[in-house]
Each structure stands twice: as structure tokens, then as C-alpha cells.
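Colleague: Take this structure, written in C-alpha cells, and hold onto it; I'll ask about it next.
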Amino acid sequence: MTQASTPRPAPLRGHVVVGFDGSPGAERAVDLAADEAARRHTTLEVLHALEWVEVAGGDDRFGQQLRENARAIVDRGADRAHARHHDLPVLATVELANAIDTLEAASDRAALLVVGSRGMGGFAGLLMGSVSLPVSAAARCPILVVHPDHDTAADRPAKPIVVGVSADDCGPALEAAFAQAAARNLPVHAVHAWRYPASLAGGLAYAPAVSIIDDWRTMAETTLATAVKPFREKHPDVPVTEDAVLDTTAHALVTASADADLLVLAAHRDTGRFGPNLGRAIHTALHHAHSPILLIPTRNHPEPDRTPHPGDRH
């Protein structure tokens, strides 16, 4: 039975929260959120934001109808989660607030926040919604982003957990990837993209010597192996493949996601004029990845120096 909780005297903490607006993308998000809550043996909170605050908060018939509609929507999401995992404790919550603010605030009490990439108000052809993108950039807990066309069938073929590794600190993402692989009994596929420095990319007339190419490839492979090694040792039962590819980071991640159960990335956020923002590679992956994406937040850090390095920054 769905638990109604408006208002909540004391919100749960450390559970799984999924944003639900009734859209197909949100339904798929509920599916994966329910799976994750079941794996973690924790509560799933299905959260709906009713943004017409001034009207919905009134005592007239229209305000009451808006609240009833919102309750029907969130209860439908909770029922879907229960149908997928019958014994899962599910909390259905309606907040009278802006959706972005509601989900960002939920990230302070959740162990995992799950969102669909597009909601009810998305334009045709729009890959990321006006809610999911800013929430992905601002969430203070790990966030799982699910596209409407992602396969959430319980019996879908198992694929590896893909994790992006850059020259930055990707330890939190690697830890999350290995934990997910262990929980799902899946292998890890660690991907590190590298490029020649601009000074060596002037065409055939300026092609670098084979020995220089080998040096840069070796540097990339060493960067990847060094990053992965502690997690191999910590999770000896998880099979691992390492792939240092000559490619842009964005293209390498999108390509690898085609054969992934989940793509795990460290969210190295910069703070710009308009608040926190994600790097170009993550932004591209959020739009074009073929699998759900799990973003693991890291501390904000300044813009990296522009010294050429074999590993692209995520």
C-alpha cells in the first residue's frame, strides 16, 4: 500500500529518491530506481513537484483538483514500483514547489537521486529537459539519469558497467562502478580516452614519430592502470577490462555506452557565472549515451591548466 506523506514530519535519509511526473521517461526512471532501492534494501521515495504553488496551495476547487491530480500521478509511480518489486517499501511524496528546487533539495537527503532525462513538457527531439540538466549539474548526491528509450526490462541482456577514467581524480566514480558491478554480478569496463597534443596534430607533414606515438599510448595506458589498480585489489571478484582509446573523451564514452548496462562518470563541476556546470564530455554523454548514466559528484575545482596531456578531462 502506498504511503501518503504530505506533510512529512521527518524526511528519510540515505534512501533512493526518484522524480516522477508521469511521463514515459519518468516511468523508466521509476523502474531503475526501484531496482536500485531493492538492491540496497532501502526505501524508494517517489517524488512529484507541483509547481503551480500559488494556485495549488489554495482552498478553492481548482487548487484541490490540482492536488488530487498530483496525488494520482505520484501514486501511479509508486504503484509501478510496487509492481516491479512487491516487497519494496515505497513512499509517495508531493511537494508544492519548483521541480528543480525540489529535486536539488532531495539530493541532500538521498543516497541516490534518479531522474528521467525528459519530462512532460519536453519539446519533440529535445534530448535533455529543462529540469534534468540543471539538476544533474547541481545534485549533491549521486544521480542516475534515464532516457525515455533506455531499456528497463528486468530480463534485458546483461552488459558491463562502463566507467570513464580521466587524468582527474575519478576514484569516486571507480568505487561506484565496482560497487554496482559487484551488486549486479557484472564486469567493469574502464575507458580512458587520450589524444595527441595539438603541436603533434598538424597532418601527415608533421606526423609524430612512431616512438612518440608509443610513448603517449603508454602514458595513457599507465594512467588508466594506475587509477584502476586499487579497485581491482579491493574487488578481486569483479572482472575488469581496461581500454585506453585514441579518441575524444565524449565520443569514447558515447561509443562505450552502446555496450553498457550503466555508464558511470565522475561529475567534475566548475562554477561559472550561472552556477555549477558540467564539462563538455559529460554534457555530450548526457545527451547521447545509449545507457543510463550514473554521475558521481566530486568537489568543485578550478579550470585545469592547458598543458597537453594524453587524457582528456571529463
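Residue names in the C-alpha cells use chain letters A, B, ... in the order shown, residue numbers from 1 in each chain, and ligand numbers from 1 in the order shown.
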Could you pull out the residues in range 63-306 of chain A that DSSP calls helix (DSSP H, G or I) from the backbone, as a VMD selection string?
Modeller: chain A and resid 63 to 84 99 to 106 132 to 138 171 to 184 198 to 200 204 to 206 210 to 234 249 to 257 280 to 288
Colleague: Pick out the residues sitting within 12 Å of Thr226 in chain A, and hand them over as a short mmCIF file (atom, residue, chain, number, x, y, z; two decimals) with N, CA, C and O atoms, in the first residue's frame; count only C-alpha atoms, and ignore anything fewer than 3 positions along from it in its own chain.
Modeller:
data_model
loop_
_atom_site.label_atom_id
_atom_site.label_comp_id
_atom_site.auth_asym_id
_atom_site.auth_seq_id
_atom_site.Cartn_x
_atom_site.Cartn_y
_atom_site.Cartn_z
N VAL A 165 37.44 7.06 -17.11
CA VAL A 165 38.61 7.38 -16.28
C VAL A 165 39.38 8.49 -16.98
O VAL A 165 39.76 8.36 -18.14
N SER A 166 39.63 9.58 -16.29
CA SER A 166 40.40 10.69 -16.85
C SER A 166 41.63 10.93 -16.00
O SER A 166 41.89 10.22 -15.02
N ALA A 167 42.39 11.97 -16.36
CA ALA A 167 43.58 12.31 -15.58
C ALA A 167 43.20 12.95 -14.24
O ALA A 167 44.02 13.03 -13.34
N ASP A 169 40.87 13.15 -10.66
CA ASP A 169 40.56 12.13 -9.66
C ASP A 169 39.21 11.50 -9.97
O ASP A 169 38.16 12.12 -9.80
N CYS A 170 39.23 10.26 -10.44
CA CYS A 170 38.00 9.53 -10.74
C CYS A 170 37.74 8.43 -9.73
O CYS A 170 36.95 7.51 -10.00
N GLY A 171 38.40 8.50 -8.58
CA GLY A 171 38.23 7.48 -7.56
C GLY A 171 36.79 7.25 -7.16
O GLY A 171 36.34 6.10 -7.09
N LEU A 174 35.05 5.31 -9.91
CA LEU A 174 35.54 3.92 -9.95
C LEU A 174 34.96 3.11 -8.79
O LEU A 174 34.54 1.95 -8.98
N ALA A 190 36.63 -0.27 -17.94
CA ALA A 190 37.19 1.06 -17.66
C ALA A 190 37.73 1.65 -18.95
O ALA A 190 38.56 1.04 -19.63
N HIS A 192 39.53 4.98 -20.91
CA HIS A 192 40.30 6.23 -20.81
C HIS A 192 40.63 6.70 -22.22
O HIS A 192 41.22 5.96 -23.02
N THR A 218 51.56 4.64 -24.17
CA THR A 218 52.00 4.04 -22.92
C THR A 218 51.61 4.90 -21.73
O THR A 218 51.17 4.39 -20.68
N MET A 219 51.73 6.22 -21.87
CA MET A 219 51.32 7.13 -20.80
C MET A 219 49.83 6.98 -20.49
O MET A 219 49.41 6.95 -19.33
N ALA A 220 49.02 6.86 -21.56
CA ALA A 220 47.58 6.72 -21.37
C ALA A 220 47.25 5.40 -20.68
O ALA A 220 46.43 5.35 -19.76
N GLU A 221 47.90 4.33 -21.11
CA GLU A 221 47.65 3.01 -20.50
C GLU A 221 48.08 3.00 -19.05
O GLU A 221 47.42 2.38 -18.19
N THR A 222 49.18 3.70 -18.75
CA THR A 222 49.66 3.77 -17.37
C THR A 222 48.69 4.57 -16.50
O THR A 222 48.40 4.20 -15.35
N THR A 223 48.19 5.69 -17.03
CA THR A 223 47.20 6.49 -16.30
C THR A 223 45.99 5.65 -15.93
O THR A 223 45.50 5.67 -14.80
N LYS A 229 43.91 0.16 -10.47
CA LYS A 229 44.57 -0.85 -9.64
C LYS A 229 44.00 -0.97 -8.22
O LYS A 229 43.71 -2.09 -7.76
N PRO A 230 43.81 0.12 -7.47
CA PRO A 230 43.31 -0.03 -6.09
C PRO A 230 41.93 -0.69 -6.03
O PRO A 230 41.62 -1.40 -5.07
N PHE A 231 41.13 -0.48 -7.05
CA PHE A 231 39.78 -1.02 -7.05
C PHE A 231 39.76 -2.47 -7.52
O PHE A 231 38.90 -3.25 -7.09
N ARG A 232 40.70 -2.84 -8.37
CA ARG A 232 40.89 -4.26 -8.69
C ARG A 232 41.22 -5.03 -7.42
O ARG A 232 40.68 -6.11 -7.17
N GLU A 233 42.11 -4.46 -6.62
CA GLU A 233 42.54 -5.14 -5.40
C GLU A 233 41.43 -5.19 -4.37
O GLU A 233 41.29 -6.18 -3.63
N GLU A 242 40.38 -3.05 -19.35
CA GLU A 242 40.85 -1.67 -19.45
C GLU A 242 41.05 -1.33 -20.91
O GLU A 242 41.60 -2.12 -21.68
#
Colleague: Which residue out of A:Val18, A:Val74, A:Ile213, A:Ala181 has the minimum interatomic distance to Arg39 in chain A when only C-alpha atoms are used?
Modeller: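 For Arg39 in chain A, the nearest of the candidates is A:Ala181.
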Colleague: Taking 3 positions as the minimum chain separation for residues in the same chain, which residues sit within 8 Å of Pro142 in chain A when counting only C-alpha atoms? Answer as a list of chain:residue names.
Modeller: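 So the residues in contact are A:Ala111, A:Leu112, A:Leu113, A:Ala139, A:Leu294, A:Leu295, A:Ile296, A:Pro297.
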Colleague: Kindly save the residues from that selection, with N, CA and C atoms included, as an mmCIF file, in the first residue's frame.
Modeller:
data_model
loop_
_atom_site.group_PDB
_atom_site.id
_atom_site.type_symbol
_atom_site.label_atom_id
_atom_site.label_comp_id
_atom_site.auth_asym_id
_atom_site.auth_seq_id
_atom_site.Cartn_x
_atom_site.Cartn_y
_atom_site.Cartn_z
ATOM 1 N N ALA A 111 20.537 8.941 -0.852
ATOM 2 C CA ALA A 111 21.798 8.284 -1.214
ATOM 3 C C ALA A 111 21.934 8.234 -2.725
ATOM 4 N N LEU A 112 20.795 8.261 -3.418
ATOM 5 C CA LEU A 112 20.777 8.258 -4.883
ATOM 6 C C LEU A 112 19.528 8.988 -5.338
ATOM 7 N N LEU A 113 19.704 9.884 -6.324
ATOM 8 C CA LEU A 113 18.593 10.598 -6.943
ATOM 9 C C LEU A 113 18.467 10.091 -8.383
ATOM 10 N N ALA A 139 23.049 18.451 -8.284
ATOM 11 C CA ALA A 139 22.738 17.445 -7.258
ATOM 12 C C ALA A 139 23.950 17.181 -6.375
ATOM 13 N N LEU A 294 25.186 7.215 -14.478
ATOM 14 C CA LEU A 294 25.302 7.489 -13.044
ATOM 15 C C LEU A 294 26.413 8.511 -12.852
ATOM 16 N N LEU A 295 26.047 9.708 -12.396
ATOM 17 C CA LEU A 295 27.023 10.775 -12.141
ATOM 18 C C LEU A 295 27.369 10.791 -10.659
ATOM 19 N N ILE A 296 28.661 10.746 -10.378
ATOM 20 C CA ILE A 296 29.153 10.782 -9.001
ATOM 21 C C ILE A 296 29.779 12.148 -8.754
ATOM 22 N N PRO A 297 29.181 12.968 -7.909
ATOM 23 C CA PRO A 297 29.712 14.328 -7.721
ATOM 24 C C PRO A 297 31.065 14.325 -7.043
#
Colleague: Residues at most 10 Å from Val17 in chain A, counting only C-alpha atoms, excluding those fewer than 6 positions away in the same chain, as number ranges by chain?
Modeller: A: 30, 33-34, 37, 43-47, 90-93, 103, 106-107, 109-115, 143
Colleague: Which residue is closest to Arg118 in chain A? Choose from A:Ala158, A:Leu286, A:Leu144, A:Ala26 and count only C-alpha atoms.
Modeller: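 The shortest atom-to-atom distance to Arg118 in chain A comes from A:Ala26.
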Colleague: Between A:Arg71, A:His48, A:His147, A:His41, which is the closest to Ala29 in chain A once you count only C-alpha atoms?
Modeller: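 Of A:Arg71, A:His48, A:His147, A:His41, the one nearest Ala29 in chain A is A:His147, counting only C-alpha atoms.
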Colleague: Enter the distance from CA of Ala83 in chain A to CA of Thr42 in chain A, in Å, rounded to one decimal.
Modeller: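 These two atoms are separated by 16.4 Å.
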Colleague: Can you pull out every residue within 8 Å of range 256-268 of chain A, counting only C-alpha atoms, but drop anything in the same chain fewer than 2 positions away, and send it as number ranges by chain?
Modeller: A: 137, 158-165, 170, 172-174, 176-177, 191, 252-254, 270, 278-279, 282, 289-301, 314
Colleague: Please indicate the distance in Å from CA of Gly22 in chain A to CA of Ala70 in chain A, rounded to one decimal place.
Modeller: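 Separation between CA of Gly22 in chain A and CA of Ala70 in chain A: 9.6 Å.
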